[in-house]
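See below for the structure under consideration.
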Amino acid sequence: MARGQQANQELTEVLNQLWHLDTNRLRPGTDYIINLQGRAGYVAQGSNYARDRATAPLFTYVNENKLKSIETYAHFISLLDNYEVSTGVSEKVTSEELKENRLFIDAIMETDVMKCAHKYLVKTGQSPSDTAQFKRQLYDIWFRLYHRDRSGGEDSCGFEHVFVGETKKGHEIMGLHNWVQFYLQEKHNHVDYKGYKARKNKDTPDEDDHVLNLQFSWKGLVKPVGGSFIGVSPEFEVALFTIIFLVSTEKMTSVVVKVDEYMLELVVYRHGRSIGTSYPKLLSSNNRDL
């Protein structure tokens, strides 16, 4: 990623509109408290050993009552419970779960964030203006099951990969780029936060930063670095990554944008008509070069 790469102006503009409309974003220091601790070290690809530079969890506190009182988070949390973690294990999708997928899409479509994203996608010719048709498009992008592991059945979907996380043949963590899932997994002692990733000591992130690069282990496997939004609502992430997904038909799309004070690279991999994975990579914040 070239230093000083120019931000994509059009996408920067629409994503900042979404940022300002995200009234369900939680407030750092009030609704949740994080504890960044030490800067994580280098981990070789495929290695499952990482020196722990953070003895305490990343999340010191999250106001769960507030989370569960916001409809989109409440539906989101019930979806997190529905997925088998190992890829290659065919998902058994019950009619109850299908209904929950739809209820989540219905709930996020009530928000100004998703309405704004929909309006933009209609304007650029990427999405149908009819709300019911747009919901079907969202369903295909995020919830349609596909084969990620060639040996198995339909074992994965975009939502599961990005928000829930999967393990690949028990030796590599894939996905898990969502802060609510990170918090819940940490609370159940499945996730062990190892420290934040930054290039130099002077690039220390702040505890009110809404985007972080993290190192952690999950169920014994190490993720050397994972980008994650912190505190943002589920509808914000769905809106943002849906827009980036529909910007191009390439197998991999990467755009540089400046959202609020964060210079980000947003990366989306496609799996046919669905999202394979998507995540933010923090490049710099408030002119701190990372």
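Each chain in the structure tokens gets a letter, A, B and so on, in the order shown; residues start at 1 in every chain, and ligands are counted from 1 in the order they appear.
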
Item to check | range 98-196 of chain A: residues DSSP assigns to alpha helix (DSSP H), reported as number ranges by chain | outcome: A: 98-109, 112-123, 131-143, 158-159, 179-187

Atoms to include: C-alpha atoms. Write the selected residues as a PDB file, in the first residue's frame.
```pdb
ATOM      1  CA  LEU A  98     -33.515 -17.963   8.084  1.00  0.00           C
ATOM      2  CA  LYS A  99     -36.166 -15.864   9.761  1.00  0.00           C
ATOM      3  CA  GLU A 100     -33.525 -14.257  12.017  1.00  0.00           C
ATOM      4  CA  ASN A 101     -31.382 -13.392   8.977  1.00  0.00           C
ATOM      5  CA  ARG A 102     -34.380 -11.624   7.460  1.00  0.00           C
ATOM      6  CA  LEU A 103     -35.311  -9.867  10.711  1.00  0.00           C
ATOM      7  CA  PHE A 104     -31.770  -8.496  10.916  1.00  0.00           C
ATOM      8  CA  ILE A 105     -32.004  -7.125   7.362  1.00  0.00           C
ATOM      9  CA  ASP A 106     -35.459  -5.677   8.143  1.00  0.00           C
ATOM     10  CA  ALA A 107     -34.084  -3.973  11.288  1.00  0.00           C
ATOM     11  CA  ILE A 108     -31.025  -2.426   9.616  1.00  0.00           C
ATOM     12  CA  MET A 109     -33.176  -1.211   6.708  1.00  0.00           C
ATOM     13  CA  ASP A 112     -30.885   6.154   8.315  1.00  0.00           C
ATOM     14  CA  VAL A 113     -27.470   4.588   7.677  1.00  0.00           C
ATOM     15  CA  MET A 114     -28.903   1.833   5.444  1.00  0.00           C
ATOM     16  CA  LYS A 115     -31.415   4.182   3.816  1.00  0.00           C
ATOM     17  CA  CYS A 116     -28.561   6.494   2.848  1.00  0.00           C
ATOM     18  CA  ALA A 117     -26.486   3.559   1.501  1.00  0.00           C
ATOM     19  CA  HIS A 118     -29.511   2.322  -0.483  1.00  0.00           C
ATOM     20  CA  LYS A 119     -30.112   5.763  -1.967  1.00  0.00           C
ATOM     21  CA  TYR A 120     -26.455   6.008  -3.035  1.00  0.00           C
ATOM     22  CA  LEU A 121     -26.474   2.509  -4.589  1.00  0.00           C
ATOM     23  CA  VAL A 122     -29.662   3.292  -6.530  1.00  0.00           C
ATOM     24  CA  LYS A 123     -28.102   6.547  -7.773  1.00  0.00           C
ATOM     25  CA  THR A 131     -36.858  -1.946  -0.946  1.00  0.00           C
ATOM     26  CA  ALA A 132     -37.943  -5.601  -1.072  1.00  0.00           C
ATOM     27  CA  GLN A 133     -35.631  -6.250  -4.032  1.00  0.00           C
ATOM     28  CA  PHE A 134     -32.769  -4.425  -2.309  1.00  0.00           C
ATOM     29  CA  LYS A 135     -33.293  -6.611   0.783  1.00  0.00           C
ATOM     30  CA  ARG A 136     -32.998  -9.698  -1.457  1.00  0.00           C
ATOM     31  CA  GLN A 137     -29.755  -8.294  -2.872  1.00  0.00           C
ATOM     32  CA  LEU A 138     -28.429  -7.758   0.677  1.00  0.00           C
ATOM     33  CA  TYR A 139     -29.474 -11.298   1.577  1.00  0.00           C
ATOM     34  CA  ASP A 140     -27.508 -12.720  -1.363  1.00  0.00           C
ATOM     35  CA  ILE A 141     -24.426 -10.663  -0.543  1.00  0.00           C
ATOM     36  CA  TRP A 142     -24.349 -11.487   3.170  1.00  0.00           C
ATOM     37  CA  PHE A 143     -26.316 -14.679   3.864  1.00  0.00           C
ATOM     38  CA  GLY A 158     -20.213 -13.500   4.088  1.00  0.00           C
ATOM     39  CA  PHE A 159     -21.889 -12.608   7.368  1.00  0.00           C
ATOM     40  CA  TRP A 179     -15.972  -5.795  17.802  1.00  0.00           C
ATOM     41  CA  VAL A 180     -19.213  -7.130  19.352  1.00  0.00           C
ATOM     42  CA  GLN A 181     -18.221 -10.709  18.537  1.00  0.00           C
ATOM     43  CA  PHE A 182     -14.677  -9.989  19.772  1.00  0.00           C
ATOM     44  CA  TYR A 183     -16.080  -8.704  23.070  1.00  0.00           C
ATOM     45  CA  LEU A 184     -18.448 -11.674  23.512  1.00  0.00           C
ATOM     46  CA  GLN A 185     -15.736 -14.211  22.635  1.00  0.00           C
ATOM     47  CA  GLU A 186     -13.336 -12.484  25.024  1.00  0.00           C
ATOM     48  CA  LYS A 187     -15.967 -12.590  27.766  1.00  0.00           C
TER      49      LYS A 187
END
```

Next on the checklist: Would you pick out the contacts of Gln45 in chain A at 10 Å or less, using only C-alpha atoms, so that residues sharing its chain but fewer than 3 positions from it are not included, and give the list as a PyMOL selection string?
Outcome noted: chain A and resi 42+48+172+222-224

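Each of A:Leu18, A:Leu240, A:Leu36, A:Val164 was checked against Leu58 in chain A using only C-alpha atoms; the smallest atom-to-atom distance is that of A:Leu36.
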
Checklist entry - Neighbours of Ala198 in chain A within 10 Å (only C-alpha atoms; same-chain residues fewer than 5 positions away dropped), as a ChimeraX atom specification? => result /A:39-41,203-205,212-214,225,282-284,289-290

Go ahead and save the residues from that selection, with N, CA, C and O atoms, as a PDB file, in the first residue's frame.
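So the final result, stored in part34.pdb, reads:
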```pdb
ATOM      1  N   ARG A  39       2.154  -2.974  22.522  1.00  0.00           N
ATOM      2  CA  ARG A  39       2.201  -3.119  21.064  1.00  0.00           C
ATOM      3  C   ARG A  39       2.589  -4.553  20.733  1.00  0.00           C
ATOM      4  O   ARG A  39       3.608  -5.057  21.211  1.00  0.00           O
ATOM      5  N   ALA A  40       1.786  -5.218  19.915  1.00  0.00           N
ATOM      6  CA  ALA A  40       2.010  -6.631  19.591  1.00  0.00           C
ATOM      7  C   ALA A  40       3.241  -6.801  18.704  1.00  0.00           C
ATOM      8  O   ALA A  40       3.587  -5.914  17.924  1.00  0.00           O
ATOM      9  N   GLY A  41       3.879  -7.938  18.821  1.00  0.00           N
ATOM     10  CA  GLY A  41       5.085  -8.222  18.046  1.00  0.00           C
ATOM     11  C   GLY A  41       4.784  -8.937  16.739  1.00  0.00           C
ATOM     12  O   GLY A  41       3.633  -9.137  16.355  1.00  0.00           O
ATOM     13  N   ASP A 203       3.248   5.683  17.193  1.00  0.00           N
ATOM     14  CA  ASP A 203       1.940   5.531  16.555  1.00  0.00           C
ATOM     15  C   ASP A 203       0.908   4.878  17.463  1.00  0.00           C
ATOM     16  O   ASP A 203      -0.024   4.259  16.994  1.00  0.00           O
ATOM     17  N   THR A 204       1.113   5.019  18.752  1.00  0.00           N
ATOM     18  CA  THR A 204       0.190   4.410  19.698  1.00  0.00           C
ATOM     19  C   THR A 204      -1.239   4.878  19.451  1.00  0.00           C
ATOM     20  O   THR A 204      -1.500   6.082  19.429  1.00  0.00           O
ATOM     21  N   PRO A 205      -2.159   3.931  19.263  1.00  0.00           N
ATOM     22  CA  PRO A 205      -3.559   4.344  19.092  1.00  0.00           C
ATOM     23  C   PRO A 205      -4.138   4.858  20.415  1.00  0.00           C
ATOM     24  O   PRO A 205      -3.559   4.663  21.477  1.00  0.00           O
ATOM     25  N   LEU A 212      -9.082  -0.091  14.811  1.00  0.00           N
ATOM     26  CA  LEU A 212      -7.828  -0.602  15.367  1.00  0.00           C
ATOM     27  C   LEU A 212      -7.326  -1.787  14.560  1.00  0.00           C
ATOM     28  O   LEU A 212      -8.119  -2.529  13.966  1.00  0.00           O
ATOM     29  N   ASN A 213      -5.999  -1.959  14.549  1.00  0.00           N
ATOM     30  CA  ASN A 213      -5.396  -3.196  14.037  1.00  0.00           C
ATOM     31  C   ASN A 213      -4.992  -4.012  15.270  1.00  0.00           C
ATOM     32  O   ASN A 213      -4.227  -3.524  16.103  1.00  0.00           O
ATOM     33  N   LEU A 214      -5.511  -5.227  15.378  1.00  0.00           N
ATOM     34  CA  LEU A 214      -5.346  -6.024  16.597  1.00  0.00           C
ATOM     35  C   LEU A 214      -4.618  -7.338  16.327  1.00  0.00           C
ATOM     36  O   LEU A 214      -4.701  -7.886  15.226  1.00  0.00           O
ATOM     37  N   VAL A 225      -2.612 -10.163  12.602  1.00  0.00           N
ATOM     38  CA  VAL A 225      -3.166  -8.802  12.605  1.00  0.00           C
ATOM     39  C   VAL A 225      -4.561  -8.837  11.974  1.00  0.00           C
ATOM     40  O   VAL A 225      -4.764  -9.441  10.927  1.00  0.00           O
ATOM     41  N   LEU A 282      -6.313   0.114   9.129  1.00  0.00           N
ATOM     42  CA  LEU A 282      -6.016   1.476   9.522  1.00  0.00           C
ATOM     43  C   LEU A 282      -4.649   1.874   8.973  1.00  0.00           C
ATOM     44  O   LEU A 282      -3.647   1.219   9.245  1.00  0.00           O
ATOM     45  N   LEU A 283      -4.609   2.946   8.166  1.00  0.00           N
ATOM     46  CA  LEU A 283      -3.335   3.424   7.611  1.00  0.00           C
ATOM     47  C   LEU A 283      -2.770   4.537   8.479  1.00  0.00           C
ATOM     48  O   LEU A 283      -1.588   4.561   8.798  1.00  0.00           O
ATOM     49  N   SER A 284      -3.622   5.466   8.869  1.00  0.00           N
ATOM     50  CA  SER A 284      -3.195   6.512   9.801  1.00  0.00           C
ATOM     51  C   SER A 284      -4.419   7.165  10.413  1.00  0.00           C
ATOM     52  O   SER A 284      -5.528   7.036   9.901  1.00  0.00           O
ATOM     53  N   ASP A 289       1.150   8.678  10.984  1.00  0.00           N
ATOM     54  CA  ASP A 289       1.463   7.644   9.988  1.00  0.00           C
ATOM     55  C   ASP A 289       1.641   6.334  10.711  1.00  0.00           C
ATOM     56  O   ASP A 289       2.381   6.279  11.689  1.00  0.00           O
ATOM     57  N   LEU A 290       1.008   5.278  10.226  1.00  0.00           N
ATOM     58  CA  LEU A 290       1.178   3.996  10.944  1.00  0.00           C
ATOM     59  C   LEU A 290       2.302   3.204  10.326  1.00  0.00           C
ATOM     60  O   LEU A 290       2.317   2.865   9.199  1.00  0.00           O
TER      61      LEU A 290
END
```

Checklist entry - Contacts of range 276-278 of chain A at 7 Å or less, counting only C-alpha atoms, minus same-chain residues fewer than 6 places along, as a list of chain:residue names? => result A:Gly158, A:His161, A:Val162, A:Gly175, A:Phe241, A:Val267, A:Val268, A:Tyr269, A:Arg270

Run DSSP on the backbone and grab whatever in range 3-171 of chain A lands in strand (DSSP E or B); send it over as a PDB file with N, CA, C and O atoms, in the first residue's frame.
```
ATOM      1  N   PRO A  28     -17.058   5.747  23.161  1.00  0.00           N
ATOM      2  CA  PRO A  28     -15.927   5.229  23.940  1.00  0.00           C
ATOM      3  C   PRO A  28     -15.820   5.947  25.282  1.00  0.00           C
ATOM      4  O   PRO A  28     -16.098   7.140  25.370  1.00  0.00           O
ATOM      5  N   TYR A  32     -18.623   1.958  26.421  1.00  0.00           N
ATOM      6  CA  TYR A  32     -17.641   0.866  26.511  1.00  0.00           C
ATOM      7  C   TYR A  32     -16.280   1.463  26.833  1.00  0.00           C
ATOM      8  O   TYR A  32     -16.027   2.641  26.565  1.00  0.00           O
ATOM      9  N   ILE A  33     -15.419   0.646  27.411  1.00  0.00           N
ATOM     10  CA  ILE A  33     -14.052   1.074  27.733  1.00  0.00           C
ATOM     11  C   ILE A  33     -13.092   0.014  27.226  1.00  0.00           C
ATOM     12  O   ILE A  33     -13.287  -1.187  27.495  1.00  0.00           O
ATOM     13  N   ILE A  34     -12.081   0.438  26.450  1.00  0.00           N
ATOM     14  CA  ILE A  34     -11.064  -0.521  26.017  1.00  0.00           C
ATOM     15  C   ILE A  34      -9.735  -0.227  26.696  1.00  0.00           C
ATOM     16  O   ILE A  34      -9.494   0.892  27.143  1.00  0.00           O
ATOM     17  N   ARG A  39       2.154  -2.974  22.522  1.00  0.00           N
ATOM     18  CA  ARG A  39       2.201  -3.119  21.064  1.00  0.00           C
ATOM     19  C   ARG A  39       2.589  -4.553  20.733  1.00  0.00           C
ATOM     20  O   ARG A  39       3.608  -5.057  21.211  1.00  0.00           O
ATOM     21  N   PHE A  59     -11.472  -5.371  26.060  1.00  0.00           N
ATOM     22  CA  PHE A  59     -12.665  -4.682  26.560  1.00  0.00           C
ATOM     23  C   PHE A  59     -12.734  -4.774  28.077  1.00  0.00           C
ATOM     24  O   PHE A  59     -12.891  -5.855  28.630  1.00  0.00           O
ATOM     25  N   THR A  60     -12.620  -3.608  28.713  1.00  0.00           N
ATOM     26  CA  THR A  60     -12.751  -3.542  30.168  1.00  0.00           C
ATOM     27  C   THR A  60     -14.230  -3.555  30.535  1.00  0.00           C
ATOM     28  O   THR A  60     -14.640  -4.147  31.518  1.00  0.00           O
ATOM     29  N   TYR A  61     -15.034  -2.892  29.690  1.00  0.00           N
ATOM     30  CA  TYR A  61     -16.458  -2.739  30.003  1.00  0.00           C
ATOM     31  C   TYR A  61     -17.241  -2.490  28.717  1.00  0.00           C
ATOM     32  O   TYR A  61     -16.780  -1.751  27.846  1.00  0.00           O
ATOM     33  N   VAL A  62     -18.388  -3.133  28.604  1.00  0.00           N
ATOM     34  CA  VAL A  62     -19.338  -2.806  27.539  1.00  0.00           C
ATOM     35  C   VAL A  62     -20.727  -2.775  28.175  1.00  0.00           C
ATOM     36  O   VAL A  62     -21.088  -3.683  28.925  1.00  0.00           O
ATOM     37  N   SER A  86     -16.305 -24.093  12.442  1.00  0.00           N
ATOM     38  CA  SER A  86     -15.328 -24.710  11.541  1.00  0.00           C
ATOM     39  C   SER A  86     -15.822 -24.723  10.102  1.00  0.00           C
ATOM     40  O   SER A  86     -16.915 -25.188   9.818  1.00  0.00           O
ATOM     41  N   TYR A 146     -22.230 -20.677   0.687  1.00  0.00           N
ATOM     42  CA  TYR A 146     -21.391 -21.165  -0.405  1.00  0.00           C
ATOM     43  C   TYR A 146     -20.323 -22.096   0.150  1.00  0.00           C
ATOM     44  O   TYR A 146     -20.127 -22.191   1.357  1.00  0.00           O
ATOM     45  N   SER A 156     -20.292 -21.804   4.424  1.00  0.00           N
ATOM     46  CA  SER A 156     -19.869 -20.461   4.801  1.00  0.00           C
ATOM     47  C   SER A 156     -20.768 -19.423   4.155  1.00  0.00           C
ATOM     48  O   SER A 156     -21.438 -19.694   3.163  1.00  0.00           O
ATOM     49  N   GLU A 166     -14.273 -17.748  11.414  1.00  0.00           N
ATOM     50  CA  GLU A 166     -14.256 -19.184  11.131  1.00  0.00           C
ATOM     51  C   GLU A 166     -12.836 -19.680  11.356  1.00  0.00           C
ATOM     52  O   GLU A 166     -11.896 -18.902  11.326  1.00  0.00           O
ATOM     53  N   THR A 167     -12.702 -20.986  11.542  1.00  0.00           N
ATOM     54  CA  THR A 167     -11.351 -21.551  11.574  1.00  0.00           C
ATOM     55  C   THR A 167     -11.216 -22.466  10.366  1.00  0.00           C
ATOM     56  O   THR A 167     -12.158 -23.140   9.985  1.00  0.00           O
ATOM     57  N   LYS A 168     -10.045 -22.429   9.751  1.00  0.00           N
ATOM     58  CA  LYS A 168      -9.828 -23.194   8.539  1.00  0.00           C
ATOM     59  C   LYS A 168      -8.989 -24.413   8.883  1.00  0.00           C
ATOM     60  O   LYS A 168      -7.839 -24.275   9.289  1.00  0.00           O
TER      61      LYS A 168
END
```

Next on the checklist: Need the shell around Thr12 in chain A: protein/DNA/RNA residues with any atom at most 12 Å away, counting only C-alpha atoms. Skip same-chain ones fewer than 3 positions apart. Format as a VMD selection string?
Outcome noted: chain A and resid 6 to 9 15 to 19 240 243 to 244 255 to 266

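Shortest separation to Asn35 in chain A among A:Glu235, A:Glu250, A:Asp209, A:Glu110 occurs at residue A:Asp209, atoms counted being only C-alpha atoms.
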
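Considering the residues A:Glu97, A:Ile77, A:Thr124, A:Val211 and counting only C-alpha atoms, Val232 in chain A has its shortest atom-to-atom contact with A:Val211.
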
Checklist entry - Which of these residues is nearest to Ala239 in chain A, using only C-alpha atoms: A:Ser69, A:Val43, A:Gly226, A:Thr111? => result A:Thr111

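You will find CA of Leu21 in chain A at 24.4 Å from CA of Leu80 in chain A.
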
Item to check | Selection: 9 Å around Thr55 in chain A, only C-alpha atoms, excl. self and same-chain fewer than 5 positions, as a list in words | outcome: Gln37, Gly38, Asp192, Tyr193, Lys194 and Gly195 of chain A

Next on the checklist: Quick check, in Å to one decimal: how far apart do CA of Ser47 in chain A and CA of Gly227 in chain A lie?
Outcome noted: 18.8 Å

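Proximity of A:Ser78, A:Asn65, A:Asn178, A:Asn189 to Pro234 in chain A, computed with only C-alpha atoms, is greatest for A:Asn178.
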